[in-house]
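For reference, the structure is listed below as structure tokens.
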Amino acid sequence: MPSTIESDEHEALRAAVAALGKRHGRTYDREQLWSEAAKLGYLGVNLPEEYGGGGGGISELSIVLEELGAAGCPLLMMVVSPAICGTVIARFGTEAQKQDWLPALADGTRTMAFGITEPDAGSNSHRITTTARKDGTDWLLTGRKVFISGVDIADATLIVGRAEDSRTGRLKPCLFIVPRDAEGFTRRQIDMELQAVEKQFELTLDDVRLPADALVGGGPSHAFGSGGEDAGLLQLFAGLNPERVMTAAFAIGMGRYALSKAIEYARDRTVWNAPIGAHQAIAHPLAQAHIDLELARLMMQKAAHLYDTGDDVGAGEAANMAKYAAGEACVKAVDQAVHTLGGNGLTREFGLASLITASRVARIAPVSREMILNYVSHQTLGLPKSY
């Protein structure tokens, strides 16, 4: 089990990233912040040192995202590019794929999106209809994806498809690196109420032709079963646990940002000769929001530690719990912050109203809170499935 007290290195990292976030603030320019974070080594902090990364893990990367979020300038693509795609390639990619992608992901010069969600399957990997079939040595990908973040700014998208097992004939998950300009690979921006720098897209893959080396792991099983055709499910879940941890970090950072604005307002706003924060009706809900965020962070730290030490099974349970707890804590913190400010909470000046919608993201994506409750019911409590 990890210590509940952060190491000196983690505290230093947290302070340094907080200072970076404070310099950029709520009106940040995404490209400038991304570039500066990369130069300081924050984007690739979880990637192997031999490929230009910091040699840390999801524990360190989650600190970076949380602190940027707490400063009002979260980088959503950190969840996708270094955390999911970088992790999958670092653990399962061929040497050529690692050499090609990891240094660029670490220094921020290239980014990668992640495509799993489909119109009729959600994130259920067993119902994914995007198919990959062999054509000589090439692959042909056909299918659709929805709610894929940042495809327009990503150099490639890591697409989850399904290919036929030559031995059993059954379809099995496989992961492919699809370049942004691949023929037959088109995108349509989804009109969202959510105000975010990174946009959401629907993707269409119409017989997208890819070379054999686009398959993560490259062909039949090798190196402890990490090859592309035989290890897609293993690769997939290796990326989904970091995604949940980083979603928790995103939510905790957002909740902390909203709470800090409410605390500042409650200290300064005076009614009837006393700051409104002196009244328990204001103070207690803010205190409870703080407690909930701190508890969610502890679970997030546990999940990140388990993942970084190689306990994928333990990390799966903890990452789902962390994501659930952080999503709930974030929504409550934002709601209470807006309520504390009253009418000012809905103005652009104070910058909280847009978080009402944004805070719900962690409740919904990358997996709904109800599906997490299903996971805990079945996997942890041993209760029977209803589906």
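Ordered as shown in the structure tokens, chains take letters A, B, and onward, while each chain numbers its residues from 1 and ligands are numbered from 1 in the order shown.
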Ile159 of chain A environment, 10 Å, only C-alpha atoms, sequence neighbours closer than 3 positions dropped, as a PyMOL selection string:
chain A and resi 113-117+130+141+145+156+162+174-178+205+215-216
Can you check which residues of segment 60-144 of chain A DSSP gives as strand (DSSP E) on the backbone and send them as a PyMOL selection string?
chain A and resi 112-115+131-135+138-144
Selection from above, N, CA, C and O atoms, as a PDB file, in the first residue's frame, can you write it?
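Output file out19.pdb is given in full below:
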```
ATOM      1  N   MET A 112      -1.531  11.801 -29.752  1.00  0.00           N
ATOM      2  CA  MET A 112      -2.318  10.682 -30.261  1.00  0.00           C
ATOM      3  C   MET A 112      -3.660  10.662 -29.554  1.00  0.00           C
ATOM      4  O   MET A 112      -3.739  10.811 -28.335  1.00  0.00           O
ATOM      5  N   ALA A 113      -4.728  10.511 -30.324  1.00  0.00           N
ATOM      6  CA  ALA A 113      -6.074  10.365 -29.775  1.00  0.00           C
ATOM      7  C   ALA A 113      -6.372   8.881 -29.576  1.00  0.00           C
ATOM      8  O   ALA A 113      -5.614   8.018 -30.010  1.00  0.00           O
ATOM      9  N   PHE A 114      -7.508   8.602 -28.931  1.00  0.00           N
ATOM     10  CA  PHE A 114      -7.868   7.215 -28.627  1.00  0.00           C
ATOM     11  C   PHE A 114      -9.308   6.977 -29.018  1.00  0.00           C
ATOM     12  O   PHE A 114     -10.215   7.698 -28.581  1.00  0.00           O
ATOM     13  N   GLY A 115      -9.549   5.980 -29.858  1.00  0.00           N
ATOM     14  CA  GLY A 115     -10.883   5.713 -30.368  1.00  0.00           C
ATOM     15  C   GLY A 115     -11.409   4.346 -29.990  1.00  0.00           C
ATOM     16  O   GLY A 115     -11.017   3.340 -30.593  1.00  0.00           O
ATOM     17  N   THR A 131     -14.209  -3.358 -37.620  1.00  0.00           N
ATOM     18  CA  THR A 131     -13.531  -4.609 -37.944  1.00  0.00           C
ATOM     19  C   THR A 131     -12.250  -4.362 -38.729  1.00  0.00           C
ATOM     20  O   THR A 131     -12.120  -3.386 -39.466  1.00  0.00           O
ATOM     21  N   ALA A 132     -11.330  -5.260 -38.531  1.00  0.00           N
ATOM     22  CA  ALA A 132     -10.061  -5.237 -39.254  1.00  0.00           C
ATOM     23  C   ALA A 132      -9.905  -6.561 -39.969  1.00  0.00           C
ATOM     24  O   ALA A 132     -10.056  -7.629 -39.367  1.00  0.00           O
ATOM     25  N   ARG A 133      -9.642  -6.494 -41.266  1.00  0.00           N
ATOM     26  CA  ARG A 133      -9.441  -7.733 -42.012  1.00  0.00           C
ATOM     27  C   ARG A 133      -8.152  -7.632 -42.822  1.00  0.00           C
ATOM     28  O   ARG A 133      -7.748  -6.551 -43.257  1.00  0.00           O
ATOM     29  N   LYS A 134      -7.538  -8.770 -43.006  1.00  0.00           N
ATOM     30  CA  LYS A 134      -6.274  -8.830 -43.720  1.00  0.00           C
ATOM     31  C   LYS A 134      -6.507  -8.708 -45.225  1.00  0.00           C
ATOM     32  O   LYS A 134      -7.464  -9.235 -45.776  1.00  0.00           O
ATOM     33  N   ASP A 135      -5.602  -7.988 -45.883  1.00  0.00           N
ATOM     34  CA  ASP A 135      -5.570  -7.904 -47.341  1.00  0.00           C
ATOM     35  C   ASP A 135      -4.107  -7.987 -47.736  1.00  0.00           C
ATOM     36  O   ASP A 135      -3.415  -6.968 -47.802  1.00  0.00           O
ATOM     37  N   ASP A 138      -1.377  -6.100 -45.592  1.00  0.00           N
ATOM     38  CA  ASP A 138      -2.027  -4.908 -45.051  1.00  0.00           C
ATOM     39  C   ASP A 138      -3.250  -5.281 -44.216  1.00  0.00           C
ATOM     40  O   ASP A 138      -3.723  -6.420 -44.229  1.00  0.00           O
ATOM     41  N   TRP A 139      -3.766  -4.253 -43.529  1.00  0.00           N
ATOM     42  CA  TRP A 139      -5.031  -4.344 -42.816  1.00  0.00           C
ATOM     43  C   TRP A 139      -6.005  -3.349 -43.415  1.00  0.00           C
ATOM     44  O   TRP A 139      -5.606  -2.261 -43.833  1.00  0.00           O
ATOM     45  N   LEU A 140      -7.295  -3.718 -43.427  1.00  0.00           N
ATOM     46  CA  LEU A 140      -8.363  -2.809 -43.829  1.00  0.00           C
ATOM     47  C   LEU A 140      -9.311  -2.628 -42.652  1.00  0.00           C
ATOM     48  O   LEU A 140      -9.880  -3.603 -42.140  1.00  0.00           O
ATOM     49  N   LEU A 141      -9.475  -1.371 -42.213  1.00  0.00           N
ATOM     50  CA  LEU A 141     -10.340  -1.055 -41.081  1.00  0.00           C
ATOM     51  C   LEU A 141     -11.624  -0.398 -41.558  1.00  0.00           C
ATOM     52  O   LEU A 141     -11.596   0.519 -42.379  1.00  0.00           O
ATOM     53  N   THR A 142     -12.755  -0.887 -41.014  1.00  0.00           N
ATOM     54  CA  THR A 142     -14.062  -0.330 -41.347  1.00  0.00           C
ATOM     55  C   THR A 142     -14.888  -0.204 -40.074  1.00  0.00           C
ATOM     56  O   THR A 142     -14.955  -1.146 -39.279  1.00  0.00           O
ATOM     57  N   GLY A 143     -15.506   0.975 -39.885  1.00  0.00           N
ATOM     58  CA  GLY A 143     -16.359   1.147 -38.719  1.00  0.00           C
ATOM     59  C   GLY A 143     -16.580   2.612 -38.389  1.00  0.00           C
ATOM     60  O   GLY A 143     -16.224   3.502 -39.154  1.00  0.00           O
ATOM     61  N   ARG A 144     -17.195   2.839 -37.220  1.00  0.00           N
ATOM     62  CA  ARG A 144     -17.490   4.198 -36.759  1.00  0.00           C
ATOM     63  C   ARG A 144     -17.132   4.325 -35.282  1.00  0.00           C
ATOM     64  O   ARG A 144     -17.251   3.363 -34.519  1.00  0.00           O
TER      65      ARG A 144
END
```
Residues near Leu352 of chain A, cut-off 9 Å, only C-alpha atoms, skip fewer than 5 positions along chain, as JSON, numbers by chain
{"A": [258, 261, 334, 337, 338, 344, 345, 346, 347]}
Could you go through segment 138-363 of chain A and tell me which residues DSSP, when run on the backbone, assigns to helix (DSSP H, G or I), listing them as JSON, numbers by chain?
{"A": [151, 152, 153, 212, 213, 214, 232, 233, 234, 235, 236, 237, 238, 239, 240, 241, 242, 243, 244, 245, 246, 247, 248, 249, 250, 251, 252, 253, 254, 255, 256, 257, 258, 259, 260, 261, 262, 263, 264, 265, 266, 267, 268, 276, 277, 278, 280, 281, 282, 283, 284, 285, 286, 287, 288, 289, 290, 291, 292, 293, 294, 295, 296, 297, 298, 299, 300, 301, 302, 303, 304, 305, 306, 307, 308, 312, 313, 314, 315, 316, 317, 318, 319, 320, 321, 322, 323, 324, 325, 326, 327, 328, 329, 330, 331, 332, 333, 334, 335, 336, 337, 338, 339, 340, 341, 342, 343, 344, 345, 346, 353, 354, 355, 356, 357, 358, 361, 362, 363]}
Give one line per residue of segment 229-271 of chain A that approaches segment 297-316 of chain A to at most 9 Å, naming the two atoms of the closest pair and their distance in Å to one decimal, counting only C-alpha atoms; sort by chain then ascending residue number and deliver it as a Markdown table.
```
| residue | atom | partner | partner_atom | distance |
| --- | --- | --- | --- | --- |
| A:Phe237 | CA | A:Gly316 | CA | 8.5 |
| A:Ala238 | CA | A:Asp312 | CA | 7.5 |
| A:Leu240 | CA | A:Gly316 | CA | 8.6 |
| A:Asn241 | CA | A:Gly316 | CA | 5.8 |
| A:Pro242 | CA | A:Ala304 | CA | 7.5 |
| A:Arg244 | CA | A:Gly316 | CA | 8.8 |
| A:Val245 | CA | A:Met300 | CA | 6.0 |
| A:Met246 | CA | A:Met300 | CA | 8.5 |
| A:Ala248 | CA | A:Met300 | CA | 6.6 |
| A:Ala249 | CA | A:Met300 | CA | 7.4 |
| A:Ile252 | CA | A:Arg297 | CA | 7.0 |
```
Quick one: residues within 7 Å of Gly184 of chain A, only C-alpha atoms, excluding same-chain residues fewer than 6 positions away - as a list in words?
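After dropping sequence-adjacent residues, the list is Leu205, Asp206, Asp207 and Val208 of chain A.
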Go ahead and compute the interatomic distance for atom CA of Met78 of chain A and atom CA of Leu20 of chain A, in Å to one decimal.
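Separating atom CA of Met78 of chain A from atom CA of Leu20 of chain A is a distance of 15.5 Å.
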Residues near Leu13 of chain A, anyone? I mean within 9 Å using only C-alpha atoms, not counting same-chain ones fewer than 2 positions away, as a count of residues only.
12
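Between atom CA of Ile372 of chain A and atom CA of Gly327 of chain A lies a distance of 11.4 Å.
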